[in-house]
file structure-v4.pdb (PDB, C-alpha atoms)
ATOM      1  CA  MET A   1      44.233   6.690   0.161  1.00  0.00           C
ATOM      2  CA  LYS A   2      43.037  10.284   0.099  1.00  0.00           C
ATOM      3  CA  VAL A   3      45.508  13.037  -0.725  1.00  0.00           C
ATOM      4  CA  ALA A   4      44.712  16.722  -0.224  1.00  0.00           C
ATOM      5  CA  VAL A   5      46.778  19.340  -2.027  1.00  0.00           C
ATOM      6  CA  LEU A   6      46.603  22.790  -0.508  1.00  0.00           C
ATOM      7  CA  SER A   7      48.543  25.992  -0.115  1.00  0.00           C
ATOM      8  CA  GLY A   8      47.903  29.449   1.251  1.00  0.00           C
ATOM      9  CA  LYS A   9      49.724  30.975  -1.698  1.00  0.00           C
ATOM     10  CA  GLY A  10      48.281  31.246  -5.179  1.00  0.00           C
ATOM     11  CA  GLY A  11      50.238  30.265  -8.280  1.00  0.00           C
ATOM     12  CA  THR A  12      52.416  27.704  -6.528  1.00  0.00           C
ATOM     13  CA  GLY A  13      51.200  24.756  -8.583  1.00  0.00           C
ATOM     14  CA  LYS A  14      48.378  23.168  -6.556  1.00  0.00           C
ATOM     15  CA  THR A  15      46.341  22.320  -9.646  1.00  0.00           C
ATOM     16  CA  THR A  16      49.417  21.090 -11.544  1.00  0.00           C
ATOM     17  CA  VAL A  17      50.390  18.740  -8.706  1.00  0.00           C
ATOM     18  CA  ALA A  18      46.825  17.609  -7.958  1.00  0.00           C
ATOM     19  CA  THR A  19      45.832  16.832 -11.544  1.00  0.00           C
ATOM     20  CA  ASN A  20      49.085  14.985 -12.220  1.00  0.00           C
ATOM     21  CA  LEU A  21      48.735  12.985  -9.000  1.00  0.00           C
ATOM     22  CA  ALA A  22      45.176  12.021  -9.901  1.00  0.00           C
ATOM     23  CA  TYR A  23      46.326  11.015 -13.375  1.00  0.00           C
ATOM     24  CA  ILE A  24      49.268   8.805 -12.396  1.00  0.00           C
ATOM     25  CA  MET A  25      47.588   7.353  -9.275  1.00  0.00           C
ATOM     26  CA  ASN A  26      44.465   6.622 -11.309  1.00  0.00           C
ATOM     27  CA  ALA A  27      42.372   8.317  -8.622  1.00  0.00           C
ATOM     28  CA  HIS A  28      39.192  10.370  -8.363  1.00  0.00           C
ATOM     29  CA  TYR A  29      39.660  14.121  -8.560  1.00  0.00           C
ATOM     30  CA  LEU A  30      37.797  16.737  -6.524  1.00  0.00           C
ATOM     31  CA  ASP A  31      38.449  20.370  -7.367  1.00  0.00           C
ATOM     32  CA  CYS A  32      37.601  22.245  -4.149  1.00  0.00           C
ATOM     33  CA  ASP A  33      39.015  25.552  -5.357  1.00  0.00           C
ATOM     34  CA  VAL A  34      35.513  26.966  -5.663  1.00  0.00           C
ATOM     35  CA  GLU A  35      36.702  30.477  -6.429  1.00  0.00           C
ATOM     36  CA  GLU A  36      38.710  29.505  -9.515  1.00  0.00           C
ATOM     37  CA  PRO A  37      38.548  25.793 -10.366  1.00  0.00           C
ATOM     38  CA  ASN A  38      40.962  24.895 -13.171  1.00  0.00           C
ATOM     39  CA  GLY A  39      41.427  21.120 -12.835  1.00  0.00           C
ATOM     40  CA  HIS A  40      39.087  20.526 -15.766  1.00  0.00           C
ATOM     41  CA  LEU A  41      41.504  22.283 -18.111  1.00  0.00           C
ATOM     42  CA  PHE A  42      44.046  19.506 -17.560  1.00  0.00           C
ATOM     43  CA  LEU A  43      41.934  16.408 -16.974  1.00  0.00           C
ATOM     44  CA  LYS A  44      39.351  17.233 -19.684  1.00  0.00           C
ATOM     45  CA  PRO A  45      36.490  15.407 -17.955  1.00  0.00           C
ATOM     46  CA  ILE A  46      33.122  14.583 -19.487  1.00  0.00           C
ATOM     47  CA  ILE A  47      30.593  16.483 -17.322  1.00  0.00           C
ATOM     48  CA  GLU A  48      27.419  14.461 -16.885  1.00  0.00           C
ATOM     49  CA  GLU A  49      25.565  16.355 -14.215  1.00  0.00           C
ATOM     50  CA  CYS A  50      25.447  19.814 -12.703  1.00  0.00           C
ATOM     51  CA  ILE A  51      23.822  20.275  -9.282  1.00  0.00           C
ATOM     52  CA  ASP A  52      23.204  23.319  -7.089  1.00  0.00           C
ATOM     53  CA  ALA A  53      25.410  23.955  -4.064  1.00  0.00           C
ATOM     54  CA  THR A  54      23.315  25.540  -1.320  1.00  0.00           C
ATOM     55  CA  ILE A  55      23.569  26.984   2.174  1.00  0.00           C
ATOM     56  CA  LEU A  56      20.790  27.397   4.752  1.00  0.00           C
ATOM     57  CA  ASN A  57      19.804  31.040   5.224  1.00  0.00           C
ATOM     58  CA  PRO A  58      17.141  32.515   7.489  1.00  0.00           C
ATOM     59  CA  LYS A  59      13.873  33.937   6.240  1.00  0.00           C
ATOM     60  CA  ILE A  60      11.993  36.213   8.633  1.00  0.00           C
ATOM     61  CA  ASP A  61       8.212  36.141   8.902  1.00  0.00           C
ATOM     62  CA  ASP A  62       7.515  39.880   9.279  1.00  0.00           C
ATOM     63  CA  ILE A  63       4.023  39.237  10.647  1.00  0.00           C
ATOM     64  CA  LYS A  64       5.226  37.022  13.522  1.00  0.00           C
ATOM     65  CA  CYS A  65       8.443  39.007  14.239  1.00  0.00           C
ATOM     66  CA  THR A  66       8.272  41.321  17.271  1.00  0.00           C
ATOM     67  CA  HIS A  67      11.772  42.864  16.688  1.00  0.00           C
ATOM     68  CA  CYS A  68      12.920  41.497  20.070  1.00  0.00           C
ATOM     69  CA  GLY A  69      16.503  41.237  18.829  1.00  0.00           C
ATOM     70  CA  GLN A  70      17.318  37.791  20.213  1.00  0.00           C
ATOM     71  CA  CYS A  71      18.310  36.431  16.788  1.00  0.00           C
ATOM     72  CA  SER A  72      20.841  39.175  16.193  1.00  0.00           C
ATOM     73  CA  GLU A  73      22.202  38.745  19.783  1.00  0.00           C
ATOM     74  CA  ALA A  74      22.726  35.045  19.154  1.00  0.00           C
ATOM     75  CA  CYS A  75      24.267  35.345  15.690  1.00  0.00           C
ATOM     76  CA  GLN A  76      28.046  34.866  15.923  1.00  0.00           C
ATOM     77  CA  PHE A  77      28.562  36.180  12.402  1.00  0.00           C
ATOM     78  CA  ASN A  78      26.638  39.477  12.681  1.00  0.00           C
ATOM     79  CA  ALA A  79      24.463  38.408   9.773  1.00  0.00           C
ATOM     80  CA  LEU A  80      21.278  39.833  11.321  1.00  0.00           C
ATOM     81  CA  ALA A  81      20.473  43.385  12.333  1.00  0.00           C
ATOM     82  CA  VAL A  82      17.245  44.187  14.153  1.00  0.00           C
ATOM     83  CA  THR A  83      15.917  47.711  13.738  1.00  0.00           C
ATOM     84  CA  GLN A  84      12.643  49.381  14.638  1.00  0.00           C
ATOM     85  CA  THR A  85      11.252  48.616  11.205  1.00  0.00           C
ATOM     86  CA  GLY A  86      12.296  44.969  10.946  1.00  0.00           C
ATOM     87  CA  VAL A  87      15.149  42.504  10.631  1.00  0.00           C
ATOM     88  CA  ILE A  88      17.825  43.006   7.982  1.00  0.00           C
ATOM     89  CA  VAL A  89      19.433  39.730   6.885  1.00  0.00           C
ATOM     90  CA  PHE A  90      22.915  39.827   5.375  1.00  0.00           C
ATOM     91  CA  ASN A  91      22.870  36.480   3.584  1.00  0.00           C
ATOM     92  CA  GLU A  92      26.468  36.714   2.461  1.00  0.00           C
ATOM     93  CA  LEU A  93      27.679  36.753   6.091  1.00  0.00           C
ATOM     94  CA  CYS A  94      25.482  33.821   7.198  1.00  0.00           C
ATOM     95  CA  HIS A  95      27.217  30.496   7.853  1.00  0.00           C
ATOM     96  CA  GLY A  96      23.914  28.634   7.987  1.00  0.00           C
ATOM     97  CA  CYS A  97      24.234  27.484  11.609  1.00  0.00           C
ATOM     98  CA  GLY A  98      20.505  27.972  12.291  1.00  0.00           C
ATOM     99  CA  VAL A  99      20.860  29.385  15.820  1.00  0.00           C
ATOM    100  CA  CYS A 100      18.585  32.335  14.928  1.00  0.00           C
ATOM    101  CA  SER A 101      15.654  30.050  14.201  1.00  0.00           C
ATOM    102  CA  LEU A 102      16.349  28.107  17.426  1.00  0.00           C
ATOM    103  CA  VAL A 103      16.315  31.169  19.698  1.00  0.00           C
ATOM    104  CA  CYS A 104      13.373  32.983  18.086  1.00  0.00           C
ATOM    105  CA  PRO A 105      10.580  32.974  20.703  1.00  0.00           C
ATOM    106  CA  GLN A 106       7.961  33.720  18.018  1.00  0.00           C
ATOM    107  CA  ARG A 107       9.167  30.948  15.701  1.00  0.00           C
ATOM    108  CA  ALA A 108       9.268  33.611  13.021  1.00  0.00           C
ATOM    109  CA  ILE A 109      12.458  32.341  11.377  1.00  0.00           C
ATOM    110  CA  LYS A 110      12.428  29.594   8.782  1.00  0.00           C
ATOM    111  CA  GLU A 111      15.509  28.414   6.967  1.00  0.00           C
ATOM    112  CA  TYR A 112      15.680  27.900   3.241  1.00  0.00           C
ATOM    113  CA  GLN A 113      18.308  26.568   0.871  1.00  0.00           C
ATOM    114  CA  ARG A 114      19.997  29.431  -0.963  1.00  0.00           C
ATOM    115  CA  GLU A 115      21.978  28.544  -4.071  1.00  0.00           C
ATOM    116  CA  ILE A 116      25.563  29.805  -3.820  1.00  0.00           C
ATOM    117  CA  GLY A 117      27.145  27.888  -6.689  1.00  0.00           C
ATOM    118  CA  LYS A 118      27.241  24.778  -8.823  1.00  0.00           C
ATOM    119  CA  ILE A 119      28.887  21.381  -8.527  1.00  0.00           C
ATOM    120  CA  ASN A 120      29.910  19.735 -11.791  1.00  0.00           C
ATOM    121  CA  ILE A 121      29.969  15.941 -11.706  1.00  0.00           C
ATOM    122  CA  GLY A 122      31.653  13.948 -14.441  1.00  0.00           C
ATOM    123  CA  THR A 123      34.302  11.390 -15.324  1.00  0.00           C
ATOM    124  CA  PHE A 124      37.812  11.283 -16.715  1.00  0.00           C
ATOM    125  CA  GLY A 125      38.965   7.815 -17.715  1.00  0.00           C
ATOM    126  CA  ASN A 126      37.471   5.450 -15.149  1.00  0.00           C
ATOM    127  CA  ASN A 127      37.463   8.004 -12.369  1.00  0.00           C
ATOM    128  CA  THR A 128      35.031  10.529 -10.986  1.00  0.00           C
ATOM    129  CA  PHE A 129      35.621  14.217 -11.488  1.00  0.00           C
ATOM    130  CA  LEU A 130      33.988  16.747  -9.144  1.00  0.00           C
ATOM    131  CA  SER A 131      34.377  20.482  -9.324  1.00  0.00           C
ATOM    132  CA  GLY A 132      32.646  23.232  -7.358  1.00  0.00           C
ATOM    133  CA  LYS A 133      32.164  26.752  -8.631  1.00  0.00           C
ATOM    134  CA  MET A 134      30.891  29.529  -6.449  1.00  0.00           C
ATOM    135  CA  ASN A 135      28.653  32.241  -7.849  1.00  0.00           C
ATOM    136  CA  ILE A 136      30.249  35.608  -8.516  1.00  0.00           C
ATOM    137  CA  LYS A 137      30.076  37.958  -5.479  1.00  0.00           C
ATOM    138  CA  GLU A 138      29.725  35.132  -2.947  1.00  0.00           C
ATOM    139  CA  PRO A 139      32.392  35.901  -0.336  1.00  0.00           C
ATOM    140  CA  MET A 140      32.288  32.683   1.677  1.00  0.00           C
ATOM    141  CA  GLY A 141      34.640  30.385  -0.266  1.00  0.00           C
ATOM    142  CA  GLY A 142      36.545  29.541   2.883  1.00  0.00           C
ATOM    143  CA  LEU A 143      33.536  28.123   4.661  1.00  0.00           C
TER     144      LEU A 143
ATOM    145  CA  MET B   1      19.839  65.837  21.988  1.00  0.00           C
ATOM    146  CA  LYS B   2      22.111  62.822  22.134  1.00  0.00           C
ATOM    147  CA  VAL B   3      25.070  62.592  19.743  1.00  0.00           C
ATOM    148  CA  VAL B   4      27.289  59.557  19.155  1.00  0.00           C
ATOM    149  CA  ILE B   5      30.845  60.110  17.876  1.00  0.00           C
ATOM    150  CA  THR B   6      33.308  57.368  16.874  1.00  0.00           C
ATOM    151  CA  SER B   7      36.378  57.867  19.051  1.00  0.00           C
ATOM    152  CA  THR B   8      39.968  56.645  19.306  1.00  0.00           C
ATOM    153  CA  GLY B   9      40.152  57.360  23.047  1.00  0.00           C
ATOM    154  CA  LYS B  10      38.191  57.783  26.239  1.00  0.00           C
ATOM    155  CA  ASP B  11      38.132  61.583  26.596  1.00  0.00           C
ATOM    156  CA  PHE B  12      36.907  64.502  24.490  1.00  0.00           C
ATOM    157  CA  GLU B  13      40.480  65.518  23.588  1.00  0.00           C
ATOM    158  CA  ALA B  14      40.919  62.208  21.752  1.00  0.00           C
ATOM    159  CA  ALA B  15      40.823  62.160  17.960  1.00  0.00           C
ATOM    160  CA  MET B  16      37.627  61.112  16.257  1.00  0.00           C
ATOM    161  CA  ASP B  17      37.973  57.626  14.745  1.00  0.00           C
ATOM    162  CA  THR B  18      37.291  57.915  11.008  1.00  0.00           C
ATOM    163  CA  ARG B  19      36.327  54.224  10.927  1.00  0.00           C
ATOM    164  CA  PHE B  20      32.867  53.318  12.098  1.00  0.00           C
ATOM    165  CA  GLY B  21      32.585  49.559  12.702  1.00  0.00           C
ATOM    166  CA  ARG B  22      36.071  49.118  14.092  1.00  0.00           C
ATOM    167  CA  CYS B  23      36.417  52.336  16.081  1.00  0.00           C
ATOM    168  CA  ALA B  24      37.814  51.927  19.607  1.00  0.00           C
ATOM    169  CA  TYR B  25      35.109  53.790  21.556  1.00  0.00           C
ATOM    170  CA  PHE B  26      31.801  55.512  21.104  1.00  0.00           C
ATOM    171  CA  ALA B  27      31.625  58.963  22.657  1.00  0.00           C
ATOM    172  CA  ILE B  28      28.098  59.945  23.652  1.00  0.00           C
ATOM    173  CA  TYR B  29      27.465  63.659  24.014  1.00  0.00           C
ATOM    174  CA  ASP B  30      24.329  64.939  25.670  1.00  0.00           C
ATOM    175  CA  SER B  31      23.637  68.516  24.557  1.00  0.00           C
ATOM    176  CA  ASN B  32      21.276  69.125  27.501  1.00  0.00           C
ATOM    177  CA  THR B  33      23.815  68.344  30.218  1.00  0.00           C
ATOM    178  CA  LYS B  34      26.858  69.094  27.952  1.00  0.00           C
ATOM    179  CA  LYS B  35      28.466  65.927  29.318  1.00  0.00           C
ATOM    180  CA  TYR B  36      30.361  63.155  27.553  1.00  0.00           C
ATOM    181  CA  THR B  37      30.201  59.440  28.292  1.00  0.00           C
ATOM    182  CA  PHE B  38      32.359  56.807  26.636  1.00  0.00           C
ATOM    183  CA  VAL B  39      31.576  53.183  25.891  1.00  0.00           C
ATOM    184  CA  GLU B  40      33.897  50.612  24.393  1.00  0.00           C
ATOM    185  CA  ASN B  41      32.939  49.411  20.916  1.00  0.00           C
ATOM    186  CA  THR B  42      32.867  45.674  21.603  1.00  0.00           C
ATOM    187  CA  ALA B  43      31.573  45.022  18.077  1.00  0.00           C
ATOM    188  CA  GLY B  44      34.969  46.146  16.772  1.00  0.00           C
ATOM    189  CA  GLN B  45      36.473  42.818  17.819  1.00  0.00           C
ATOM    190  CA  SER B  46      34.132  40.851  15.533  1.00  0.00           C
ATOM    191  CA  GLU B  47      35.779  38.719  12.891  1.00  0.00           C
ATOM    192  CA  GLN B  48      33.145  39.724  10.381  1.00  0.00           C
ATOM    193  CA  GLY B  49      30.253  42.151  10.270  1.00  0.00           C
ATOM    194  CA  ALA B  50      31.756  44.633  12.752  1.00  0.00           C
ATOM    195  CA  GLY B  51      29.927  47.494  11.047  1.00  0.00           C
ATOM    196  CA  ILE B  52      26.560  45.753  11.327  1.00  0.00           C
ATOM    197  CA  ALA B  53      27.033  44.941  15.013  1.00  0.00           C
ATOM    198  CA  ALA B  54      28.335  48.445  15.775  1.00  0.00           C
ATOM    199  CA  ALA B  55      25.366  50.007  13.958  1.00  0.00           C
ATOM    200  CA  GLN B  56      23.039  47.812  15.976  1.00  0.00           C
ATOM    201  CA  ASP B  57      24.712  49.013  19.210  1.00  0.00           C
ATOM    202  CA  VAL B  58      24.477  52.664  18.127  1.00  0.00           C
ATOM    203  CA  LEU B  59      20.755  52.244  17.472  1.00  0.00           C
ATOM    204  CA  LYS B  60      20.379  50.785  20.989  1.00  0.00           C
ATOM    205  CA  ILE B  61      22.018  53.873  22.497  1.00  0.00           C
ATOM    206  CA  GLY B  62      19.062  55.789  21.091  1.00  0.00           C
ATOM    207  CA  ALA B  63      21.010  58.761  19.791  1.00  0.00           C
ATOM    208  CA  ASP B  64      19.700  61.508  17.506  1.00  0.00           C
ATOM    209  CA  ALA B  65      22.887  61.954  15.477  1.00  0.00           C
ATOM    210  CA  LEU B  66      26.019  60.024  14.547  1.00  0.00           C
ATOM    211  CA  LEU B  67      29.315  61.768  13.729  1.00  0.00           C
ATOM    212  CA  THR B  68      31.991  59.660  12.038  1.00  0.00           C
ATOM    213  CA  GLY B  69      34.469  59.496   9.145  1.00  0.00           C
ATOM    214  CA  ARG B  70      32.696  57.081   6.863  1.00  0.00           C
ATOM    215  CA  LEU B  71      30.153  54.266   6.901  1.00  0.00           C
ATOM    216  CA  GLY B  72      30.537  50.944   5.113  1.00  0.00           C
ATOM    217  CA  PRO B  73      27.669  49.783   2.896  1.00  0.00           C
ATOM    218  CA  LYS B  74      26.250  47.268   5.388  1.00  0.00           C
ATOM    219  CA  ALA B  75      26.469  49.573   8.406  1.00  0.00           C
ATOM    220  CA  LYS B  76      24.862  52.274   6.254  1.00  0.00           C
ATOM    221  CA  GLN B  77      21.938  49.989   5.463  1.00  0.00           C
ATOM    222  CA  VAL B  78      21.312  49.386   9.190  1.00  0.00           C
ATOM    223  CA  ILE B  79      21.759  53.043  10.206  1.00  0.00           C
ATOM    224  CA  GLU B  80      19.501  54.272   7.404  1.00  0.00           C
ATOM    225  CA  SER B  81      16.664  52.067   8.630  1.00  0.00           C
ATOM    226  CA  SER B  82      16.368  54.414  11.621  1.00  0.00           C
ATOM    227  CA  PRO B  83      15.707  58.161  11.864  1.00  0.00           C
ATOM    228  CA  LEU B  84      19.288  58.682  13.124  1.00  0.00           C
ATOM    229  CA  LYS B  85      21.020  61.557  11.290  1.00  0.00           C
ATOM    230  CA  THR B  86      24.588  60.843  10.125  1.00  0.00           C
ATOM    231  CA  VAL B  87      27.186  63.574   9.508  1.00  0.00           C
ATOM    232  CA  PHE B  88      30.684  62.885   8.179  1.00  0.00           C
ATOM    233  CA  TYR B  89      33.856  64.666   9.292  1.00  0.00           C
ATOM    234  CA  GLU B  90      37.368  64.190   7.958  1.00  0.00           C
ATOM    235  CA  SER B  91      39.294  64.742  11.186  1.00  0.00           C
ATOM    236  CA  GLY B  92      39.355  66.521  14.527  1.00  0.00           C
ATOM    237  CA  THR B  93      39.091  65.783  18.221  1.00  0.00           C
ATOM    238  CA  ILE B  94      35.783  64.697  19.744  1.00  0.00           C
ATOM    239  CA  ALA B  95      35.231  68.184  21.202  1.00  0.00           C
ATOM    240  CA  GLU B  96      36.011  69.904  17.865  1.00  0.00           C
ATOM    241  CA  VAL B  97      33.685  67.648  15.881  1.00  0.00           C
ATOM    242  CA  VAL B  98      30.874  68.127  18.403  1.00  0.00           C
ATOM    243  CA  TYR B  99      31.441  71.905  18.311  1.00  0.00           C
ATOM    244  CA  GLU B 100      31.264  71.926  14.490  1.00  0.00           C
ATOM    245  CA  PHE B 101      28.118  69.823  14.547  1.00  0.00           C
ATOM    246  CA  MET B 102      26.335  71.835  17.244  1.00  0.00           C
ATOM    247  CA  LYS B 103      26.934  75.028  15.211  1.00  0.00           C
ATOM    248  CA  THR B 104      24.721  73.550  12.474  1.00  0.00           C
ATOM    249  CA  GLN B 105      21.909  72.772  14.907  1.00  0.00           C
ATOM    250  CA  PRO B 106      19.056  75.241  15.459  1.00  0.00           C
TER     251      PRO B 106
END
call {"tool": "encode", "arguments": {"input": "structure-v4.pdb", "output": "structure tokens"}}
result
Amino acid sequence: MKVAVLSGKGGTGKTTVATNLAYIMNAHYLDCDVEEPNGHLFLKPIIEECIDATILNPKIDDIKCTHCGQCSEACQFNALAVTQTGVIVFNELCHGCGVCSLVCPQRAIKEYQREIGKINIGTFGNNTFLSGKMNIKEPMGGL
Amino acid sequence: MKVVITSTGKDFEAAMDTRFGRCAYFAIYDSNTKKYTFVENTAGQSEQGAGIAAAQDVLKIGADALLTGRLGPKAKQVIESSPLKTVFYESGTIAEVVYEFMKTQP
């Protein structure tokens, strides 16, 4: 059984309920509150591994780019602006859908993995503990 | 010279919109013909990045100057990549703001 604990309101006791549930149900615990994960304070896990959390972001090849503007037309998140001098990429608005690289007639857009945070992997008792933490200034926690 | 003004309405008696990305309309004033045209700011409906999309649309209009209340940091980055001149006004109708701006022009 998988149980998700969520609330739109802060300070209501999500972490309290979730950590206690995991403890008494003897279950794995995933802290998805990437903006302020606190589950580790209660479950005191042993962290064994820390991996990068990444998102795909576009990289423009300025030599191939003709400033045609099709990428910025196609972008649903307004993450690209095409000007006379080149393409401005707003990484923090990009959802990593990749449509810009698909529509580019010059094939001037390559995607790369951009690190936006860390995932801590560990154990508490016999169970797995996972906790994500987003880098400071990353605005896309709700993605 | 072509001037773009952020507008709350569709005529030159309307108040200038102090917001840039989420303004209702763009007023376009042509100083040669002394005529105004108005286009809806469709970028204003965007969930995110309205300023970026609006700036992109303003650049497409091919204006020489932009008159508005303030520019957000992302819209500013896009606008500043072009030779477009930006002037800020606190309030006024479209006609008043254009009048004030034209006084400063040679």
call {"tool": "resolve_selection", "arguments": {"input": "structure-v4.pdb", "expression": "the ChimeraX specification (/A :<7) & /B", "output": "PyMOL selection string"}}
result
chain B and resi 48-49+52-53+56+78+81-82
call {"tool": "write_last_selection", "arguments": {"input": "structure-v4.pdb", "atoms": "C-alpha atoms", "output": "compact mmCIF listing (two decimals), in the frame of the given file"}}
result
# COMPACT_ATOMS: atom_id res chain seq x y z
CA GLN B 48 33.15 39.72 10.38
CA GLY B 49 30.25 42.15 10.27
CA ILE B 52 26.56 45.75 11.33
CA ALA B 53 27.03 44.94 15.01
CA GLN B 56 23.04 47.81 15.98
CA VAL B 78 21.31 49.39 9.19
CA SER B 81 16.66 52.07 8.63
CA SER B 82 16.37 54.41 11.62
call {"tool": "resolve_selection", "arguments": {"input": "structure-v4.pdb", "expression": "the PyMOL selection byres ((chain A and resi 19-34) around 7)", "output": "short mmCIF file (atom, residue, chain, number, x, y, z; two decimals) with C-alpha atoms, keeping the file's coordinate frame"}}
result
data_model
loop_
_atom_site.label_atom_id
_atom_site.label_comp_id
_atom_site.auth_asym_id
_atom_site.auth_seq_id
_atom_site.Cartn_x
_atom_site.Cartn_y
_atom_site.Cartn_z
CA THR A 15 46.34 22.32 -9.65
CA THR A 16 49.42 21.09 -11.54
CA VAL A 17 50.39 18.74 -8.71
CA ALA A 18 46.82 17.61 -7.96
CA GLU A 35 36.70 30.48 -6.43
CA GLU A 36 38.71 29.50 -9.52
CA PRO A 37 38.55 25.79 -10.37
CA GLY A 39 41.43 21.12 -12.84
CA PHE A 42 44.05 19.51 -17.56
CA LEU A 43 41.93 16.41 -16.97
CA ASN A 127 37.46 8.00 -12.37
CA THR A 128 35.03 10.53 -10.99
CA PHE A 129 35.62 14.22 -11.49
CA LEU A 130 33.99 16.75 -9.14
CA SER A 131 34.38 20.48 -9.32
CA GLY A 132 32.65 23.23 -7.36
CA LYS A 133 32.16 26.75 -8.63
CA MET A 134 30.89 29.53 -6.45
CA GLY A 141 34.64 30.38 -0.27
#
call {"tool": "closest_residue", "arguments": {"input": "structure-v4.pdb", "among": "B:Met16, B:Arg22, B:Ile61, B:Thr93", "to": "B:Thr42", "atoms": "only C-alpha atoms"}}
result
B:Arg22
call {"tool": "atom_distance", "arguments": {"input": "structure-v4.pdb", "atom1": "atom CA of A:Ile116", "atom2": "atom CA of A:Val3"}}
result
26.2 Å
call {"tool": "atom_distance", "arguments": {"input": "structure-v4.pdb", "atom1": "atom CA of B:Asp30", "atom2": "atom CA of B:Val3"}}
result
6.4 Å
call {"tool": "resolve_selection", "arguments": {"input": "structure-v4.pdb", "expression": "the PyMOL selection byres ((chain A and resi 108) around 6)", "output": "PDB file with C-alpha atoms, keeping the file's coordinate frame"}}
result
ATOM      1  CA  ILE A  60      11.993  36.213   8.633  1.00  0.00           C
ATOM      2  CA  ASP A  61       8.212  36.141   8.902  1.00  0.00           C
ATOM      3  CA  LYS A  64       5.226  37.022  13.522  1.00  0.00           C
ATOM      4  CA  CYS A  65       8.443  39.007  14.239  1.00  0.00           C
ATOM      5  CA  GLN A 106       7.961  33.720  18.018  1.00  0.00           C
ATOM      6  CA  ARG A 107       9.167  30.948  15.701  1.00  0.00           C
ATOM      7  CA  ILE A 109      12.458  32.341  11.377  1.00  0.00           C
TER       8      ILE A 109
END
call {"tool": "residues_around", "arguments": {"input": "structure-v4.pdb", "residues": "stretch 95-105 of chain B", "least_positions_apart": "3", "cutoff": "12 Å", "atoms": "all atoms listed in the file", "output": "compact mmCIF listing (two decimals) with C-alpha atoms, in the coordinates of the input"}}
result
# COMPACT_ATOMS: atom_id res chain seq x y z
CA MET B 1 19.84 65.84 21.99
CA LYS B 2 22.11 62.82 22.13
CA VAL B 3 25.07 62.59 19.74
CA VAL B 4 27.29 59.56 19.16
CA ILE B 5 30.84 60.11 17.88
CA THR B 6 33.31 57.37 16.87
CA SER B 7 36.38 57.87 19.05
CA LYS B 10 38.19 57.78 26.24
CA ASP B 11 38.13 61.58 26.60
CA PHE B 12 36.91 64.50 24.49
CA GLU B 13 40.48 65.52 23.59
CA ALA B 14 40.92 62.21 21.75
CA ALA B 15 40.82 62.16 17.96
CA MET B 16 37.63 61.11 16.26
CA ASP B 17 37.97 57.63 14.74
CA THR B 18 37.29 57.92 11.01
CA ALA B 27 31.62 58.96 22.66
CA ILE B 28 28.10 59.94 23.65
CA TYR B 29 27.46 63.66 24.01
CA ASP B 30 24.33 64.94 25.67
CA SER B 31 23.64 68.52 24.56
CA ASN B 32 21.28 69.12 27.50
CA LYS B 34 26.86 69.09 27.95
CA LYS B 35 28.47 65.93 29.32
CA TYR B 36 30.36 63.16 27.55
CA ASP B 64 19.70 61.51 17.51
CA ALA B 65 22.89 61.95 15.48
CA LEU B 66 26.02 60.02 14.55
CA LEU B 67 29.32 61.77 13.73
CA THR B 68 31.99 59.66 12.04
CA GLY B 69 34.47 59.50 9.14
CA LYS B 85 21.02 61.56 11.29
CA THR B 86 24.59 60.84 10.12
CA VAL B 87 27.19 63.57 9.51
CA PHE B 88 30.68 62.88 8.18
CA TYR B 89 33.86 64.67 9.29
CA GLU B 90 37.37 64.19 7.96
CA SER B 91 39.29 64.74 11.19
CA GLY B 92 39.35 66.52 14.53
call {"tool": "atom_distance", "arguments": {"input": "structure-v4.pdb", "atom1": "atom CA of A:Lys137", "atom2": "atom CA of A:Lys118"}}
result
13.9 Å
call {"tool": "residues_around", "arguments": {"input": "structure-v4.pdb", "residues": "B:Ala50", "least_positions_apart": "5", "cutoff": "6 Å", "atoms": "only C-alpha atoms", "output": "list in words"}}
result
Gly21, Ala43 and Gly44 of chain B
call {"tool": "residues_around", "arguments": {"input": "structure-v4.pdb", "residues": "A:Cys50", "least_positions_apart": "2", "cutoff": "9 Å", "atoms": "only C-alpha atoms", "output": "list in words"}}
result
Ile47, Glu48, Asp52, Lys118, Ile119, Asn120, Ile121 and Gly122 of chain A
call {"tool": "residues_around", "arguments": {"input": "structure-v4.pdb", "residues": "B:Gly72", "least_positions_apart": "2", "cutoff": "9 Å", "atoms": "all atoms listed in the file", "output": "PDB file with C-alpha atoms, in the frame of the given file"}}
result
ATOM      1  CA  ARG B  19      36.327  54.224  10.927  1.00  0.00           C
ATOM      2  CA  PHE B  20      32.867  53.318  12.098  1.00  0.00           C
ATOM      3  CA  GLY B  21      32.585  49.559  12.702  1.00  0.00           C
ATOM      4  CA  GLY B  51      29.927  47.494  11.047  1.00  0.00           C
ATOM      5  CA  ARG B  70      32.696  57.081   6.863  1.00  0.00           C
ATOM      6  CA  LYS B  74      26.250  47.268   5.388  1.00  0.00           C
ATOM      7  CA  ALA B  75      26.469  49.573   8.406  1.00  0.00           C
ATOM      8  CA  LYS B  76      24.862  52.274   6.254  1.00  0.00           C
ATOM      9  CA  GLN B  77      21.938  49.989   5.463  1.00  0.00           C
TER      10      GLN B  77
END
